[in-house]
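Data file: coords.cif. Format and content: mmCIF, C-alpha atoms.
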```cif
data_final
loop_
_atom_site.label_atom_id
_atom_site.label_comp_id
_atom_site.auth_asym_id
_atom_site.auth_seq_id
_atom_site.Cartn_x
_atom_site.Cartn_y
_atom_site.Cartn_z
CA MET O 1 -8.27 39.85 -10.27
CA ARG O 2 -7.22 36.66 -11.88
CA ILE O 3 -10.37 34.67 -11.93
CA ALA O 4 -10.63 34.19 -15.71
CA LYS O 5 -8.12 31.38 -15.99
CA PRO O 6 -9.48 29.26 -13.14
CA THR O 7 -12.96 29.76 -14.55
CA VAL O 8 -11.86 28.64 -18.00
CA VAL O 9 -9.98 25.66 -16.57
CA THR O 10 -12.97 24.73 -14.45
CA ALA O 11 -15.26 24.95 -17.44
CA LEU O 12 -12.94 22.87 -19.56
CA GLY O 13 -12.60 20.34 -16.76
CA ALA O 14 -16.35 20.14 -16.35
CA ALA O 15 -16.79 19.68 -20.08
CA LEU O 16 -14.17 16.92 -20.08
CA VAL O 17 -15.90 15.16 -17.18
CA LEU O 18 -19.24 15.38 -18.98
CA THR O 19 -17.69 14.08 -22.19
CA VAL O 20 -16.03 11.14 -20.45
CA SER O 21 -19.21 10.40 -18.49
CA GLY O 22 -21.23 10.52 -21.68
CA CYS O 23 -18.84 8.17 -23.45
CA THR O 24 -18.89 5.83 -20.46
CA ALA O 25 -22.69 5.81 -20.44
CA MET O 26 -22.78 5.16 -24.18
CA ALA O 27 -20.25 2.36 -23.82
CA THR O 28 -22.29 0.85 -20.98
CA ARG O 29 -25.47 1.01 -23.03
CA SER O 30 -23.81 -0.51 -26.09
CA ALA O 31 -22.27 -3.28 -23.98
CA GLN O 32 -25.67 -4.43 -22.76
CA PRO O 33 -26.90 -7.46 -24.74
CA THR O 34 -29.74 -6.95 -27.18
CA SER O 35 -32.69 -9.25 -26.58
CA MET O 36 -33.32 -11.75 -29.36
CA LYS O 37 -36.98 -11.91 -30.27
CA MET O 38 -38.58 -15.34 -30.56
CA ARG O 39 -42.18 -16.47 -30.81
CA ILE O 40 -42.93 -20.01 -29.64
CA GLY O 41 -46.18 -21.69 -30.64
CA TYR O 42 -47.81 -24.52 -28.68
CA THR O 43 -50.94 -26.43 -29.55
CA ALA O 44 -53.08 -27.14 -26.48
CA ILE O 45 -53.85 -25.82 -23.02
CA GLY O 46 -52.43 -28.04 -20.33
CA ALA O 47 -49.61 -28.74 -17.92
CA ALA O 48 -47.48 -30.50 -20.56
CA TYR O 49 -46.19 -27.06 -21.54
CA SER O 50 -45.19 -26.07 -18.03
CA ASP O 51 -41.58 -25.77 -19.18
CA LEU O 52 -42.68 -22.81 -21.33
CA TYR O 53 -44.89 -21.40 -18.58
CA ILE O 54 -42.21 -21.45 -15.92
CA CYS O 55 -39.57 -20.10 -18.30
CA GLU O 56 -41.76 -17.07 -18.87
CA ASP O 57 -42.90 -16.64 -15.27
CA GLN O 58 -39.42 -17.04 -13.73
CA GLY O 59 -37.71 -14.79 -16.29
CA VAL O 60 -35.42 -17.52 -17.59
CA PHE O 61 -35.83 -16.59 -21.24
CA LYS O 62 -35.02 -12.96 -20.44
CA LYS O 63 -32.01 -13.94 -18.34
CA ASN O 64 -30.59 -15.80 -21.33
CA GLY O 65 -31.07 -12.86 -23.69
CA LEU O 66 -34.37 -13.87 -25.28
CA ASP O 67 -37.48 -11.76 -25.74
CA VAL O 68 -40.02 -14.58 -26.02
CA GLU O 69 -43.71 -14.54 -26.76
CA ILE O 70 -45.51 -17.83 -26.26
CA THR O 71 -48.65 -18.17 -28.31
CA LEU O 72 -51.41 -20.78 -28.32
CA LEU O 73 -52.31 -22.14 -31.76
CA ASN O 74 -55.86 -23.30 -32.43
CA SER O 75 -54.81 -26.86 -33.27
CA SER O 76 -51.85 -29.10 -34.10
CA SER O 77 -52.69 -28.78 -37.79
CA GLN O 78 -51.58 -25.12 -37.66
CA LEU O 79 -48.11 -25.89 -36.34
CA VAL O 80 -46.26 -26.38 -39.62
CA ALA O 81 -48.14 -23.56 -41.35
CA ALA O 82 -47.14 -21.19 -38.55
CA LEU O 83 -43.49 -22.21 -38.90
CA VAL O 84 -43.61 -21.85 -42.68
CA SER O 85 -45.13 -18.35 -42.49
CA ASN O 86 -42.64 -17.36 -39.78
CA SER O 87 -45.57 -16.51 -37.49
CA ILE O 88 -43.61 -18.56 -34.98
CA GLN O 89 -39.93 -19.44 -34.96
CA VAL O 90 -40.19 -22.45 -32.65
CA GLY O 91 -43.14 -24.84 -32.55
CA VAL O 92 -43.96 -27.55 -30.04
CA GLY O 93 -46.56 -30.24 -30.59
CA ALA O 94 -47.23 -33.70 -31.95
CA THR O 95 -44.31 -35.00 -34.00
CA THR O 96 -46.71 -36.88 -36.25
CA THR O 97 -48.05 -33.49 -37.37
CA THR O 98 -44.66 -31.98 -38.16
CA ALA O 99 -43.53 -35.23 -39.80
CA SER O 100 -46.34 -34.84 -42.29
CA GLY O 101 -45.14 -31.35 -43.15
CA ALA O 102 -41.52 -32.46 -43.35
CA MET O 103 -42.41 -35.10 -45.94
CA ASN O 104 -44.91 -33.15 -48.02
CA LEU O 105 -43.53 -29.61 -48.19
CA LYS O 106 -40.52 -29.67 -50.48
CA ASN O 107 -39.34 -26.16 -49.64
CA VAL O 108 -39.55 -26.64 -45.88
CA ASP O 109 -36.74 -28.37 -44.03
CA LEU O 110 -37.62 -28.97 -40.38
CA ARG O 111 -35.42 -29.89 -37.44
CA TYR O 112 -36.33 -31.35 -34.04
CA ILE O 113 -34.15 -29.72 -31.39
CA ALA O 114 -35.59 -30.83 -28.04
CA LEU O 115 -37.91 -33.52 -26.68
CA PRO O 116 -38.98 -32.87 -23.07
CA ILE O 117 -41.52 -35.73 -22.89
CA ARG O 118 -41.00 -39.19 -24.40
CA SER O 119 -44.44 -40.77 -24.13
CA TYR O 120 -48.07 -39.93 -24.81
CA TYR O 121 -48.89 -37.64 -21.90
CA LEU O 122 -52.64 -38.03 -22.24
CA GLU O 123 -55.59 -39.40 -20.29
CA MET O 124 -58.96 -40.71 -21.33
CA TRP O 125 -61.89 -39.46 -19.27
CA GLY O 126 -65.40 -40.69 -19.90
CA LYS O 127 -68.73 -41.96 -18.74
CA LYS O 128 -68.82 -44.31 -15.78
CA SER O 129 -69.96 -47.09 -18.11
CA VAL O 130 -66.76 -46.95 -20.20
CA ARG O 131 -64.19 -49.56 -19.21
CA ALA O 132 -60.51 -49.70 -20.11
CA GLY O 133 -59.22 -52.30 -22.55
CA ASP O 134 -61.85 -53.93 -24.74
CA GLY O 135 -64.48 -51.76 -23.07
CA ILE O 136 -63.32 -48.89 -25.30
CA LYS O 137 -64.27 -50.78 -28.46
CA GLY O 138 -67.27 -49.33 -30.23
CA LYS O 139 -67.21 -46.15 -28.15
CA LYS O 140 -67.24 -42.61 -29.50
CA ILE O 141 -63.95 -40.98 -28.54
CA GLY O 142 -63.73 -37.19 -28.70
CA LEU O 143 -60.48 -35.76 -30.09
CA SER O 144 -59.41 -32.26 -31.06
CA SER O 145 -58.31 -32.71 -34.69
CA PRO O 146 -56.83 -35.20 -37.17
CA GLY O 147 -53.08 -35.49 -36.67
CA SER O 148 -53.27 -34.21 -33.09
CA LEU O 149 -51.40 -35.93 -30.29
CA GLY O 150 -54.68 -37.48 -29.12
CA ASP O 151 -55.34 -38.85 -32.59
CA ALA O 152 -51.86 -40.38 -32.69
CA ALA O 153 -52.28 -41.79 -29.17
CA VAL O 154 -55.52 -43.57 -30.07
CA ASP O 155 -53.85 -45.02 -33.18
CA ALA O 156 -50.97 -46.23 -31.02
CA LEU O 157 -53.42 -47.82 -28.57
CA VAL O 158 -55.29 -49.60 -31.37
CA LYS O 159 -52.01 -50.93 -32.75
CA HIS O 160 -50.72 -51.93 -29.30
CA ASN O 161 -53.89 -53.92 -28.56
CA GLY O 162 -54.05 -55.50 -31.99
CA TRP O 163 -57.46 -53.94 -32.75
CA LYS O 164 -58.82 -52.92 -36.12
CA ASP O 165 -59.03 -49.27 -37.13
CA GLY O 166 -62.83 -49.33 -36.95
CA ASP O 167 -62.92 -50.71 -33.41
CA VAL O 168 -62.86 -47.16 -32.02
CA GLN O 169 -64.96 -44.35 -33.44
CA LYS O 170 -63.08 -41.05 -33.53
CA ILE O 171 -65.07 -37.82 -33.29
CA PHE O 172 -63.04 -34.71 -34.16
CA LEU O 173 -64.20 -31.59 -32.33
CA LYS O 174 -61.57 -28.96 -33.26
CA SER O 175 -60.48 -28.02 -29.72
CA THR O 176 -60.06 -29.41 -26.21
CA PRO O 177 -62.79 -27.16 -24.74
CA ALA O 178 -65.12 -28.58 -27.40
CA GLU O 179 -64.13 -32.09 -26.31
CA VAL O 180 -65.19 -31.34 -22.74
CA SER O 181 -68.51 -29.88 -23.92
CA ALA O 182 -69.18 -32.92 -26.09
CA LEU O 183 -68.56 -35.26 -23.16
CA GLU O 184 -70.80 -33.26 -20.88
CA ASN O 185 -73.70 -33.16 -23.34
CA GLY O 186 -73.41 -36.87 -24.20
CA ALA O 187 -72.22 -36.47 -27.80
CA VAL O 188 -69.20 -38.70 -27.07
CA ASP O 189 -68.50 -41.47 -24.58
CA ALA O 190 -64.99 -40.37 -23.69
CA ILE O 191 -62.36 -37.76 -24.52
CA VAL O 192 -58.57 -37.79 -24.77
CA THR O 193 -56.78 -34.77 -23.27
CA GLN O 194 -53.79 -33.81 -21.16
CA PRO O 195 -54.16 -32.93 -17.48
CA PRO O 196 -55.80 -30.89 -16.13
CA THR O 197 -58.30 -30.41 -19.00
CA GLY O 198 -59.99 -33.79 -18.85
CA THR O 199 -59.31 -34.17 -15.15
CA LYS O 200 -61.73 -31.32 -14.42
CA THR O 201 -64.62 -33.45 -15.72
CA ARG O 202 -64.50 -35.60 -12.57
CA GLN O 203 -66.34 -32.73 -10.89
CA LYS O 204 -69.24 -33.50 -13.25
CA GLY O 205 -69.26 -37.21 -12.43
CA PHE O 206 -66.98 -38.56 -15.16
CA LYS O 207 -64.13 -40.95 -14.47
CA LYS O 208 -60.60 -41.61 -15.65
CA VAL O 209 -60.72 -44.59 -17.99
CA MET O 210 -56.98 -44.90 -18.65
CA ASP O 211 -53.84 -42.99 -19.54
CA PHE O 212 -51.42 -43.42 -22.42
CA THR O 213 -48.12 -42.88 -20.62
CA ASP O 214 -46.94 -46.47 -21.17
CA LEU O 215 -46.86 -45.85 -24.93
CA PRO O 216 -43.53 -44.25 -25.97
CA ALA O 217 -43.68 -41.34 -28.39
CA ALA O 218 -41.89 -38.20 -29.54
CA ALA O 219 -44.79 -36.25 -28.12
CA ASN O 220 -44.16 -32.51 -27.81
CA ALA O 221 -40.93 -32.10 -29.77
CA TYR O 222 -39.61 -28.57 -30.27
CA THR O 223 -39.29 -27.88 -33.98
CA VAL O 224 -37.64 -25.17 -36.09
CA LYS O 225 -36.93 -24.60 -39.76
CA SER O 226 -33.37 -25.44 -40.75
CA ASP O 227 -32.76 -21.98 -42.21
CA TYR O 228 -33.81 -20.40 -38.90
CA LEU O 229 -31.50 -22.81 -37.09
CA SER O 230 -28.50 -21.89 -39.23
CA GLY O 231 -29.20 -18.17 -39.22
CA ASN O 232 -29.98 -17.75 -35.50
CA LYS O 233 -27.47 -19.90 -33.68
CA LYS O 234 -27.22 -17.64 -30.62
CA ALA O 235 -31.00 -17.55 -30.23
CA VAL O 236 -31.31 -21.33 -30.54
CA ALA O 237 -28.46 -21.87 -28.07
CA ALA O 238 -30.18 -19.49 -25.63
CA PHE O 239 -33.46 -21.35 -26.05
CA GLU O 240 -31.81 -24.75 -25.42
CA LYS O 241 -30.11 -23.42 -22.30
CA SER O 242 -33.41 -22.00 -21.10
CA GLU O 243 -35.22 -25.26 -21.78
CA VAL O 244 -32.90 -27.40 -19.66
CA GLU O 245 -32.94 -24.79 -16.89
CA CYS O 246 -36.73 -24.72 -16.86
CA LEU O 247 -37.06 -28.48 -16.83
CA ALA O 248 -34.81 -28.43 -13.77
CA LYS O 249 -37.03 -25.77 -12.16
CA LEU O 250 -40.06 -28.00 -12.73
CA HIS O 251 -38.35 -30.92 -11.01
CA ASN O 252 -36.72 -28.90 -8.24
CA ASP O 253 -39.35 -26.28 -7.35
CA LYS O 254 -42.83 -27.77 -7.13
CA GLU O 255 -44.37 -24.62 -5.70
CA ALA O 256 -43.20 -22.48 -8.63
CA ALA O 257 -44.41 -25.14 -11.04
CA LEU O 258 -47.85 -25.21 -9.41
CA LYS O 259 -48.17 -21.43 -9.69
CA SER O 260 -47.35 -21.57 -13.40
CA ILE O 261 -49.77 -24.45 -14.03
CA MET O 262 -52.59 -22.60 -12.27
CA LYS O 263 -51.82 -19.34 -14.08
CA HIS O 264 -51.61 -20.72 -17.62
CA SER O 265 -53.91 -23.75 -17.57
CA GLY O 266 -56.97 -21.95 -16.26
CA VAL O 267 -57.05 -24.02 -13.08
CA ASN O 268 -58.01 -22.34 -9.82
CA ASP O 269 -58.22 -25.59 -7.87
CA ARG O 270 -54.85 -26.32 -6.26
CA ALA O 271 -55.72 -30.01 -5.99
CA LEU O 272 -56.12 -30.18 -9.79
CA ALA O 273 -52.81 -28.40 -10.26
CA GLU O 274 -51.10 -30.85 -7.90
CA TYR O 275 -52.69 -33.77 -9.75
CA SER O 276 -51.29 -32.38 -13.01
CA TYR O 277 -47.85 -31.78 -11.53
CA ASP O 278 -47.61 -35.29 -10.10
CA PHE O 279 -48.72 -36.73 -13.45
CA PHE O 280 -46.05 -34.87 -15.41
CA ASP O 281 -43.19 -34.82 -12.92
CA LYS O 282 -42.34 -38.42 -13.78
CA LEU O 283 -42.61 -37.69 -17.51
CA TRP O 284 -40.59 -34.47 -17.90
CA ALA O 285 -37.07 -35.31 -19.02
CA LYS O 286 -34.01 -33.87 -17.32
CA ASP O 287 -32.11 -34.04 -20.59
CA PRO O 288 -34.46 -33.27 -23.51
CA THR O 289 -32.24 -34.83 -26.19
CA VAL O 290 -34.30 -35.99 -29.17
CA GLU O 291 -34.36 -39.79 -29.49
CA PRO O 292 -33.96 -40.89 -33.14
CA GLY O 293 -36.02 -44.05 -32.68
CA LEU O 294 -39.06 -42.11 -31.50
CA VAL O 295 -38.80 -39.68 -34.42
CA HIS O 296 -38.56 -42.64 -36.81
CA ASP O 297 -41.70 -44.13 -35.25
CA ALA O 298 -43.56 -40.81 -35.70
CA PHE O 299 -42.72 -40.74 -39.40
CA ALA O 300 -43.68 -44.41 -39.78
CA ALA O 301 -47.04 -43.81 -38.06
CA THR O 302 -47.71 -40.87 -40.37
CA VAL O 303 -46.86 -42.87 -43.49
CA ALA O 304 -49.07 -45.73 -42.25
CA LYS O 305 -52.02 -43.34 -42.48
CA GLY O 306 -51.28 -42.71 -46.15
CA VAL O 307 -49.41 -39.44 -45.66
CA GLY O 308 -46.11 -39.06 -47.53
CA GLU O 309 -43.32 -41.52 -48.24
CA MET O 310 -40.94 -42.81 -45.60
CA PRO O 311 -37.59 -40.96 -45.73
CA GLU O 312 -34.47 -43.09 -46.03
CA ASP O 313 -33.02 -41.40 -42.95
CA THR O 314 -35.32 -39.73 -40.43
CA GLY O 315 -32.26 -38.82 -38.38
CA LYS O 316 -31.58 -35.94 -40.77
CA PHE O 317 -34.50 -34.10 -39.18
CA ILE O 318 -32.80 -34.08 -35.77
CA ASP O 319 -30.28 -31.60 -34.39
CA ASN O 320 -29.02 -32.44 -30.90
CA SER O 321 -25.80 -30.46 -31.27
CA TYR O 322 -26.73 -27.67 -28.85
CA LEU O 323 -27.88 -30.09 -26.17
CA ASP O 324 -24.77 -32.21 -26.72
CA LYS O 325 -22.60 -29.19 -25.85
CA LEU O 326 -24.60 -28.52 -22.68
CA ARG O 327 -24.31 -32.16 -21.65
CA ARG O 328 -20.57 -32.43 -22.34
CA SER O 329 -19.90 -29.24 -20.41
CA GLY O 330 -21.64 -30.71 -17.38
CA PHE O 331 -24.20 -27.91 -17.34
CA ILE O 332 -27.27 -30.19 -17.35
CA ALA O 333 -25.91 -32.38 -14.56
CA SER O 334 -25.04 -29.28 -12.49
CA LEU O 335 -28.73 -28.29 -12.35
CA TYR O 336 -29.57 -31.36 -10.25
CA ARG O 337 -26.79 -31.28 -7.67
#
```
Encoded form using structure tokens:
Amino acid sequence: MRIAKPTVVTALGAALVLTVSGCTAMATRSAQPTSMKMRIGYTAIGAAYSDLYICEDQGVFKKNGLDVEITLLNSSSQLVAALVSNSIQVGVGATTTTASGAMNLKNVDLRYIALPIRSYYLEMWGKKSVRAGDGIKGKKIGLSSPGSLGDAAVDALVKHNGWKDGDVQKIFLKSTPAEVSALENGAVDAIVTQPPTGTKTRQKGFKKVMDFTDLPAAANAYTVKSDYLSGNKKAVAAFEKSEVECLAKLHNDKEAALKSIMKHSGVNDRALAEYSYDFFDKLWAKDPTVEPGLVHDAFAATVAKGVGEMPEDTGKFIDNSYLDKLRRSGFIASLYR
């Protein structure tokens, strides 16, 4: 009986197959990209951040190799502190807030890397007796916090109309939900928020007084520390790619955008979600390149309030290099064909 040799050969062959299979599996596992962790902080509930919402909901971050956690900060004033402490790696909020930090914190070097909205994306909702224009003078206006986008928008309105600083009385209430409560209980005459937060007050008999979309601004600029930018180039490139893809999804897929707005903004009323979408659809950029003039204006507005000294060159706080590559390659244009 000569069964020993075939048995040995079979065993060796089986072992070889298992070894090769194991090596192949290990090679396959090692070839798979490792997700890059990133925490992104935003500063208010509302549809302005739908690019983040839809990126998460549609798996765009994950597709581009990012493991992203989006986190809501209590107020704009926490944005720079969260970046400094590395609690977040990317922050999005009022540029006037981050400009203050860029001028006053010597050991913190900030960079603006994307600007998806280029105007104040806010509305004023108030009592039926409040009229737009000069009718706002002398009224108590509820805002979330000093340095917030709403605060900057009211300053811009005062300047645009040639009013004095005391012509409008600002009441700071720490959060947008607190603004709504203050309006409802009569503590303020009007509030400044982004849709759909203030918009919901129409159900209680309040009216839209005006919006601020005609006033240009570097509103919700995405901001990172320069050392994070230089040390995490792949992650930043993946974020930029995700951002332009998600802006395209907002413009091209209204139904997906509505689902994200309703999920993340606490809105169950589809009509409110559609109102918010229609408000922002004309404001969301297709190419979120940061405009130097708007960043300069944000620094100037901050200095005008007695915060910091005007830098000689505010352009040094901008890095459009990743978006420039996407534009030159034709990638951004390809998303709208």
With 10 Å as the cut-off and only C-alpha atoms counted, what is the closest atom pair between each nearby residue of stretch 225-296 of chain O and stretch 304-319 of chain O? Distances in Å to one decimal, ordered by chain and number, as a tab-separated table.
```
residue	atom	partner	partner_atom	distance
O:Lys225	CA	O:Phe317	CA	9.8
O:Ser226	CA	O:Phe317	CA	8.9
O:Leu229	CA	O:Asp319	CA	9.3
O:Thr289	CA	O:Asp319	CA	9.0
O:Val290	CA	O:Ile318	CA	7.0
O:Glu291	CA	O:Ile318	CA	8.6
O:Pro292	CA	O:Gly315	CA	5.9
O:Gly293	CA	O:Gly315	CA	8.6
O:Leu294	CA	O:Thr314	CA	10.0
O:Val295	CA	O:Thr314	CA	6.9
O:His296	CA	O:Thr314	CA	5.7
```
- Task: Grab the atom CA of O:Ala132 to atom CA of O:Met262 distance for me, in Å with one decimal place.
- Result: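 Between these atoms lies a distance of 29.3 Å.
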- Query: Using only C-alpha atoms, can you list as a PyMOL selection string the residues within 12 Å of (-52.6, -24.8, -13.8)?
  - Reply: chain O and resi 45-50+53-54+194-197+199-200+255-277
Requested write-out: C-alpha atoms of the selected residues, as a tab-separated table (two decimals), in the coordinates of the input:
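Generated file (selection.tsv):
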```tsv
chain	number	residue	atom	x	y	z
O	45	ILE	CA	-53.85	-25.82	-23.02
O	46	GLY	CA	-52.43	-28.04	-20.33
O	47	ALA	CA	-49.61	-28.74	-17.92
O	48	ALA	CA	-47.48	-30.50	-20.56
O	49	TYR	CA	-46.19	-27.06	-21.54
O	50	SER	CA	-45.19	-26.07	-18.03
O	53	TYR	CA	-44.89	-21.40	-18.58
O	54	ILE	CA	-42.21	-21.45	-15.92
O	194	GLN	CA	-53.79	-33.81	-21.16
O	195	PRO	CA	-54.16	-32.93	-17.48
O	196	PRO	CA	-55.80	-30.89	-16.13
O	197	THR	CA	-58.30	-30.41	-19.00
O	199	THR	CA	-59.31	-34.17	-15.15
O	200	LYS	CA	-61.73	-31.32	-14.42
O	255	GLU	CA	-44.37	-24.62	-5.70
O	256	ALA	CA	-43.20	-22.48	-8.63
O	257	ALA	CA	-44.41	-25.14	-11.04
O	258	LEU	CA	-47.85	-25.21	-9.41
O	259	LYS	CA	-48.17	-21.43	-9.69
O	260	SER	CA	-47.35	-21.57	-13.40
O	261	ILE	CA	-49.77	-24.45	-14.03
O	262	MET	CA	-52.59	-22.60	-12.27
O	263	LYS	CA	-51.82	-19.34	-14.08
O	264	HIS	CA	-51.61	-20.72	-17.62
O	265	SER	CA	-53.91	-23.75	-17.57
O	266	GLY	CA	-56.97	-21.95	-16.26
O	267	VAL	CA	-57.05	-24.02	-13.08
O	268	ASN	CA	-58.01	-22.34	-9.82
O	269	ASP	CA	-58.22	-25.59	-7.87
O	270	ARG	CA	-54.85	-26.32	-6.26
O	271	ALA	CA	-55.72	-30.01	-5.99
O	272	LEU	CA	-56.12	-30.18	-9.79
O	273	ALA	CA	-52.81	-28.40	-10.26
O	274	GLU	CA	-51.10	-30.85	-7.90
O	275	TYR	CA	-52.69	-33.77	-9.75
O	276	SER	CA	-51.29	-32.38	-13.01
O	277	TYR	CA	-47.85	-31.78	-11.53
```
- Item | Nearest to O:Pro146 by atom-to-atom distance, counting all atoms listed in the file, from O:Val244, O:Ser129, O:Ser85, O:Thr302 |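 For O:Pro146, the nearest of the given residues is O:Thr302.
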- Message: Quick one: residues within 12 Å of O:Trp163, all atoms listed in the file, excluding same-chain residues fewer than 3 positions away - as a list of chain:residue names?
- Response: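 The residues that qualify are O:Gly133, O:Asp134, O:Ile136, O:Lys137, O:Gly138, O:Val154, O:Asp155, O:Ala156, O:Leu157, O:Val158, O:Lys159, O:His160, O:Gly166, O:Asp167, O:Val168.
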- Which value, in Å to one decimal, gives the distance between atom CA of O:Ala187 and atom CA of O:Gly135?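 Rounded to one decimal, the two atoms are 17.8 Å apart.
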- Task: Report the residues retrieved by the PyMOL selection byres ((chain O and resi 98) around 9) from the displayed file, expressed as a list in words.
- Result: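 So the PyMOL selection byres ((chain O and resi 98) around 9) ends up selecting Ser76, Ser77, Leu79, Val80, Gly93, Ala94, Thr95, Thr96, Thr97, Ala99, Ser100, Gly101, Ala102, Met103, Leu110 and Thr223 of chain O.
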- Separation of atom CA of O:Leu326 and atom CA of O:Ser119, in Å?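 For atom CA of O:Leu326 relative to atom CA of O:Ser119, the distance reads 23.4 Å.
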